[in-house]
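Below is one structure; the comments refer to it alone.
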Amino acid sequence: MTFTNWYNRTLNKIWGFVEDRTSMKKWALRPQPEFTFKPSYWTGAFVVNAFLMQVVTGALLLLYYQPSTAPTLTACGQPLATYSVAPAAWCSTYYIIHSVPLGSLLLSSHLYGAYAMIFLMFVHFFRGYYLGVYKAPREFSWMVGTLLMILTLGMGFTGYLLPYTQLSYNATNVGIVLALRLPTVGPILGPLILADGTSQGLLSRMFDAHVLLIPLGLAALLYAHIALFESHGIAPPATSDPVQRRRFNEKEDKSSVPFMPHIFWYITKWGLLYVGLILGIAALWPWSLPTYVGNVAAAGVVTEPDWYFLWLFKFVDFQGVTPVLAIGVTTVLIVYVLFLPFLDRSKRTHPRDRPLFIWLGTSLLEFFVLMTVWGGETPGVQILPMAVAETVGPLFVVTGIVVALFYWRYRRSYLRRLAARGMPFAGAYPLPSTGTPAPVAASEVSSRE
Ligand code: HEM
């Protein structure tokens, strides 16, 4: 017996024992169809991987970080004169970077890991949006996902203040002013965020939220998200034909691959690559700490949030956009995303068949990217209504025209292809909502339209 055979058999035996004793196959880490061996099917797993790395690096940072605004007596491990008035939160961050072995690598990988987690979450979100994975029966998976997105952004927001730099302090205050304008929720959030109204109260609340409350919420929602995913199975490739989609599920159910060792190793491989990349980037470009809150030399510091909130900051720079309006628009966006499964009611998942929602989603993505770049280039610079109309208007119009042309071009050719194969397009007729699906040629099923 070769070593590989022996190794695989032993691993399978151990896993079989665990699976048997926990009835795991019924509720978690279930076998998945063969077609899922592509990274695009595991974008959510990559976010989980990023979250786990944040938990580990965050727990290590907790060993040294002090959530206090009191001027430090230890002077950040430097000669006393240097930073004797700097707040302890900033000093402990300075200490991590300059005095803790591998501290700079640890802090930088926590920061870049947060960026990567948020970026991957957006990839996961937009993939789901374009491929219509939110359609029945996955509506609740989508809604829980939306709540996960809000909490993940909340992690970024609360973590930003913790190094207690003037830059992060200013930006957090702007964010809090906006959050307090939220209808109904704002007045409730006020005392929760501001505590006793002192800066120590604010830092303590942000710290509690960042290291305990939001991670607990994330873990609970993640459990629900993954449980829902396991109960419905992975969404099949997008298609124009709901009948074909059902067939696909039936066919793939029979060719599923066990979680252990195949899927486990597949995800572990990507997970290790991710950890290596983040550590590599953190080692090559370590984060440098901006100056502390209260440093008189920092009076002219520009107020700027992390990249994922730049779009909102830029939005407030538009002339006539008040905080109430900005928060109103954000609320509308959240409600749109949350209830999307109930707005896009057609049974077809292929982007080709959903021009309105593809136009809305693409415009949203472009708006987000444009505002982020704009916010990074000109933070705090007021933008006049004419400049807004000239920049954003053509974007939405051109996107609309491009989507309409694609819709016209590809739907027609798709219909022609189906007609040539002697298969009428289900969309041309009323859809069979229940009952046995009509026979579909095997080649049709595997073409994964
Ligand atoms: C912290 C953020 C999130 C995490 C950790 C996460 C995790 C996951 C995981 C592990 C899966 C299983 C399939 C896969 O690996 O892709 C999944 C599927 C899914 N997620 Fe998320 N997710 C997050 C955010 C979101 C968001 C923001 C949405 C949408 C609003 C969303 C909607 C969905 C849906 C609909 C599925 C089922 C997709 C399918 O069956 O192919 N998730 N998610």
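In the structure tokens, each chain is lettered A, B, ... as it comes, each chain's residues begin at 1, and ligands are numbered from 1 in order of appearance.
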
Which residues form the shell of 6 Å around ligand 1 when you count only C-alpha atoms and all ligand atoms, given as number ranges by chain?
-> A: 41-45, 47-48, 121, 125, 133-134, 138, 141-142, 145-146, 148-149, 152, 226, 229, 234-235

Quick one: of A:Tyr308, A:Val324, A:Asn12, A:Lys135, who's nearest to Phe157 in chain A, counting only C-alpha atoms?
->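 Among the listed residues, A:Tyr308 lies closest to Phe157 in chain A.
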
Could you give me, as a ChimeraX atom specification, the residues within 7 Å of Ser168 in chain A, counting only C-alpha atoms and dropping anything in the same chain fewer than 5 positions from it?
-> /A:160-161,305

When you look at Leu153 in chain A with a cut-off of 12 Å (counting only C-alpha atoms), what residues show up, excluding the ones that are within fewer than 4 positions of it in the same chain? I need them as a tab-separated table (two decimals) with C-alpha atoms, in the first residue's frame.
chain	number	residue	atom	x	y	z
A	114	ALA	CA	-10.35	43.37	7.12
A	115	TYR	CA	-10.08	45.04	3.70
A	117	MET	CA	-12.84	40.28	3.95
A	118	ILE	CA	-14.99	43.25	2.95
A	119	PHE	CA	-13.80	43.04	-0.67
A	121	MET	CA	-17.92	39.88	0.73
A	122	PHE	CA	-18.76	42.35	-2.06
A	146	THR	CA	-27.64	41.25	3.88
A	147	LEU	CA	-27.58	41.41	7.69
A	148	LEU	CA	-24.10	39.83	7.62
A	149	MET	CA	-22.99	42.57	5.23
A	157	PHE	CA	-16.49	51.05	11.39
A	158	THR	CA	-15.90	50.18	15.05
A	159	GLY	CA	-12.36	48.89	14.45
A	160	TYR	CA	-11.33	52.09	12.67
A	175	GLY	CA	-20.11	58.37	10.77
A	210	HIS	CA	-15.73	45.37	17.84
A	214	ILE	CA	-20.64	42.32	16.56
A	215	PRO	CA	-18.49	39.15	16.37
A	218	LEU	CA	-21.73	37.66	13.05
A	306	ASP	CA	-11.52	53.56	5.14
A	307	TRP	CA	-12.19	52.85	1.44
A	308	TYR	CA	-15.49	50.99	1.93
A	309	PHE	CA	-17.16	54.12	3.43

Out of A:Ile334, A:Leu162, A:Met155, A:Cys76, which residue has the shortest atom-to-atom distance to Leu213 in chain A when counting only C-alpha atoms?
-> A:Met155

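When CA of Leu111 in chain A is paired with CA of Tyr64 in chain A, their separation reads 15.9 Å.
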
Strand (DSSP E or B) positions in range 247-404 of chain A, given as a VMD selection string | chain A and resid 256 to 257 292 318 383

File dump, residues just selected, C-alpha atoms, as a CSV table (one decimal), in the first residue's frame:
chain,number,residue,atom,x,y,z
A,256,SER,CA,-22.2,14.7,-5.4
A,257,VAL,CA,-18.7,14.7,-4.0
A,292,TYR,CA,-2.7,60.4,17.8
A,318,PHE,CA,-22.6,66.8,-2.9
A,383,ILE,CA,-19.3,69.0,-5.6

Excluding Leu273 in chain A and any residue of its chain fewer than 5 positions from it, enumerate the residues within 12 Å of it, using only C-alpha atoms, and give them as a ChimeraX atom specification.
-> /A:46,49-50,266-268,278-280

Dump C-alpha atoms for the selected residues as a compact mmCIF listing (two decimals), in the first residue's frame?
# COMPACT_ATOMS: atom_id res chain seq x y z
CA PHE A 46 -13.50 32.55 1.26
CA ASN A 49 -11.86 31.97 5.87
CA ALA A 50 -11.11 35.70 6.00
CA TYR A 266 -10.12 22.24 -2.04
CA ILE A 267 -11.14 25.00 0.38
CA THR A 268 -8.03 24.56 2.56
CA ILE A 278 -2.24 38.65 3.29
CA LEU A 279 0.93 37.92 5.29
CA GLY A 280 3.06 38.64 2.22

Surrounding residues of Arg352 in chain A excluding itself and chain neighbours under 6 positions, 10 Å, only C-alpha atoms, as a PDB file with N, CA and C atoms, in the first residue's frame:
ATOM      1  N   TYR A 130     -25.772  38.857  -9.670  1.00  0.00           N
ATOM      2  CA  TYR A 130     -25.804  38.649 -11.127  1.00  0.00           C
ATOM      3  C   TYR A 130     -26.374  37.285 -11.499  1.00  0.00           C
ATOM      4  N   LEU A 131     -26.079  36.267 -10.674  1.00  0.00           N
ATOM      5  CA  LEU A 131     -26.519  34.921 -11.033  1.00  0.00           C
ATOM      6  C   LEU A 131     -27.865  34.564 -10.415  1.00  0.00           C
ATOM      7  N   ALA A 238     -26.716  29.561 -13.389  1.00  0.00           N
ATOM      8  CA  ALA A 238     -27.845  30.392 -13.821  1.00  0.00           C
ATOM      9  C   ALA A 238     -28.411  29.860 -15.135  1.00  0.00           C
ATOM     10  N   THR A 239     -29.715  29.925 -15.277  1.00  0.00           N
ATOM     11  CA  THR A 239     -30.341  29.422 -16.486  1.00  0.00           C
ATOM     12  C   THR A 239     -31.582  30.239 -16.829  1.00  0.00           C
ATOM     13  N   SER A 240     -31.984  30.136 -18.087  1.00  0.00           N
ATOM     14  CA  SER A 240     -33.196  30.834 -18.520  1.00  0.00           C
ATOM     15  C   SER A 240     -34.426  29.980 -18.270  1.00  0.00           C
ATOM     16  N   ILE A 358     -30.370  43.746 -13.700  1.00  0.00           N
ATOM     17  CA  ILE A 358     -28.955  43.798 -14.068  1.00  0.00           C
ATOM     18  C   ILE A 358     -28.545  45.268 -14.248  1.00  0.00           C
ATOM     19  N   VAL A 403     -26.992  47.360 -21.407  1.00  0.00           N
ATOM     20  CA  VAL A 403     -27.775  46.208 -20.924  1.00  0.00           C
ATOM     21  C   VAL A 403     -28.913  45.903 -21.905  1.00  0.00           C
ATOM     22  N   ALA A 404     -29.579  46.969 -22.400  1.00  0.00           N
ATOM     23  CA  ALA A 404     -30.698  46.763 -23.336  1.00  0.00           C
ATOM     24  C   ALA A 404     -30.195  46.096 -24.617  1.00  0.00           C
ATOM     25  N   PHE A 406     -27.532  44.139 -25.002  1.00  0.00           N
ATOM     26  CA  PHE A 406     -27.214  42.733 -24.691  1.00  0.00           C
ATOM     27  C   PHE A 406     -28.486  41.905 -24.618  1.00  0.00           C
ATOM     28  N   TYR A 407     -29.484  42.475 -23.963  1.00  0.00           N
ATOM     29  CA  TYR A 407     -30.752  41.770 -23.798  1.00  0.00           C
ATOM     30  C   TYR A 407     -31.337  41.442 -25.168  1.00  0.00           C
ATOM     31  N   TRP A 408     -31.360  42.436 -26.024  1.00  0.00           N
ATOM     32  CA  TRP A 408     -31.942  42.288 -27.354  1.00  0.00           C
ATOM     33  C   TRP A 408     -31.168  41.264 -28.178  1.00  0.00           C
ATOM     34  N   ARG A 409     -29.814  41.378 -28.130  1.00  0.00           N
ATOM     35  CA  ARG A 409     -28.940  40.548 -28.956  1.00  0.00           C
ATOM     36  C   ARG A 409     -28.942  39.084 -28.484  1.00  0.00           C
ATOM     37  N   TYR A 410     -28.699  38.857 -27.176  1.00  0.00           N
ATOM     38  CA  TYR A 410     -28.483  37.488 -26.714  1.00  0.00           C
ATOM     39  C   TYR A 410     -29.777  36.720 -26.506  1.00  0.00           C
ATOM     40  N   ARG A 411     -30.827  37.398 -26.152  1.00  0.00           N
ATOM     41  CA  ARG A 411     -32.090  36.706 -25.987  1.00  0.00           C
ATOM     42  C   ARG A 411     -32.557  36.168 -27.343  1.00  0.00           C
ATOM     43  N   TYR A 414     -30.383  33.250 -28.373  1.00  0.00           N
ATOM     44  CA  TYR A 414     -30.686  32.103 -27.528  1.00  0.00           C
ATOM     45  C   TYR A 414     -31.971  31.424 -27.992  1.00  0.00           C
TER      46      TYR A 414
END

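Residue neighbourhood of Val392 in chain A, excluding near-sequence residues (fewer than 6 positions): Phe315, Phe318, Ser363, Leu364, Glu366, Phe367, Phe368, Val369, Leu370, Met371, Trp374, Pro385, Met386, Val398 and Thr399 of chain A, at 12 Å, using only C-alpha atoms.
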
Any chance you can output those residues with N, CA and C atoms as an mmCIF file, in the first residue's frame?
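Final file, selection-v3.cif:
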data_model
loop_
_atom_site.group_PDB
_atom_site.id
_atom_site.type_symbol
_atom_site.label_atom_id
_atom_site.label_comp_id
_atom_site.auth_asym_id
_atom_site.auth_seq_id
_atom_site.Cartn_x
_atom_site.Cartn_y
_atom_site.Cartn_z
ATOM 1 N N PHE A 315 -20.691 61.292 -0.955
ATOM 2 C CA PHE A 315 -22.097 61.617 -1.177
ATOM 3 C C PHE A 315 -22.500 62.840 -0.351
ATOM 4 N N PHE A 318 -21.761 66.259 -1.824
ATOM 5 C CA PHE A 318 -22.593 66.826 -2.885
ATOM 6 C C PHE A 318 -23.404 67.982 -2.303
ATOM 7 N N SER A 363 -25.495 49.601 -12.255
ATOM 8 C CA SER A 363 -25.423 51.037 -11.940
ATOM 9 C C SER A 363 -24.974 51.231 -10.500
ATOM 10 N N LEU A 364 -25.477 50.381 -9.619
ATOM 11 C CA LEU A 364 -25.101 50.462 -8.192
ATOM 12 C C LEU A 364 -23.601 50.213 -8.030
ATOM 13 N N GLU A 366 -21.232 50.516 -10.322
ATOM 14 C CA GLU A 366 -20.461 51.606 -10.924
ATOM 15 C C GLU A 366 -20.492 52.848 -10.040
ATOM 16 N N PHE A 367 -21.661 53.128 -9.484
ATOM 17 C CA PHE A 367 -21.807 54.288 -8.603
ATOM 18 C C PHE A 367 -20.880 54.129 -7.391
ATOM 19 N N PHE A 368 -20.862 52.932 -6.831
ATOM 20 C CA PHE A 368 -20.041 52.647 -5.656
ATOM 21 C C PHE A 368 -18.552 52.841 -5.981
ATOM 22 N N VAL A 369 -18.116 52.305 -7.135
ATOM 23 C CA VAL A 369 -16.698 52.416 -7.526
ATOM 24 C C VAL A 369 -16.350 53.882 -7.805
ATOM 25 N N LEU A 370 -17.212 54.553 -8.582
ATOM 26 C CA LEU A 370 -16.959 55.959 -8.935
ATOM 27 C C LEU A 370 -16.841 56.831 -7.680
ATOM 28 N N MET A 371 -17.794 56.663 -6.767
ATOM 29 C CA MET A 371 -17.805 57.497 -5.554
ATOM 30 C C MET A 371 -16.605 57.189 -4.663
ATOM 31 N N TRP A 374 -13.670 58.862 -6.339
ATOM 32 C CA TRP A 374 -13.900 60.309 -6.210
ATOM 33 C C TRP A 374 -13.613 60.753 -4.769
ATOM 34 N N PRO A 385 -24.189 70.550 -8.053
ATOM 35 C CA PRO A 385 -25.188 69.660 -8.672
ATOM 36 C C PRO A 385 -24.922 69.386 -10.153
ATOM 37 N N MET A 386 -24.413 70.401 -10.886
ATOM 38 C CA MET A 386 -24.177 70.214 -12.323
ATOM 39 C C MET A 386 -23.099 69.144 -12.540
ATOM 40 N N VAL A 398 -25.691 55.177 -20.113
ATOM 41 C CA VAL A 398 -24.885 54.278 -20.959
ATOM 42 C C VAL A 398 -25.059 52.823 -20.492
ATOM 43 N N THR A 399 -25.062 52.616 -19.167
ATOM 44 C CA THR A 399 -25.255 51.245 -18.654
ATOM 45 C C THR A 399 -26.597 50.698 -19.129
#

Record the distance separating CA of Gly113 in chain A and CA of Phe51 in chain A, expressed in Å with one decimal.
->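 One can read the CA of Gly113 in chain A to CA of Phe51 in chain A distance as 8.3 Å.
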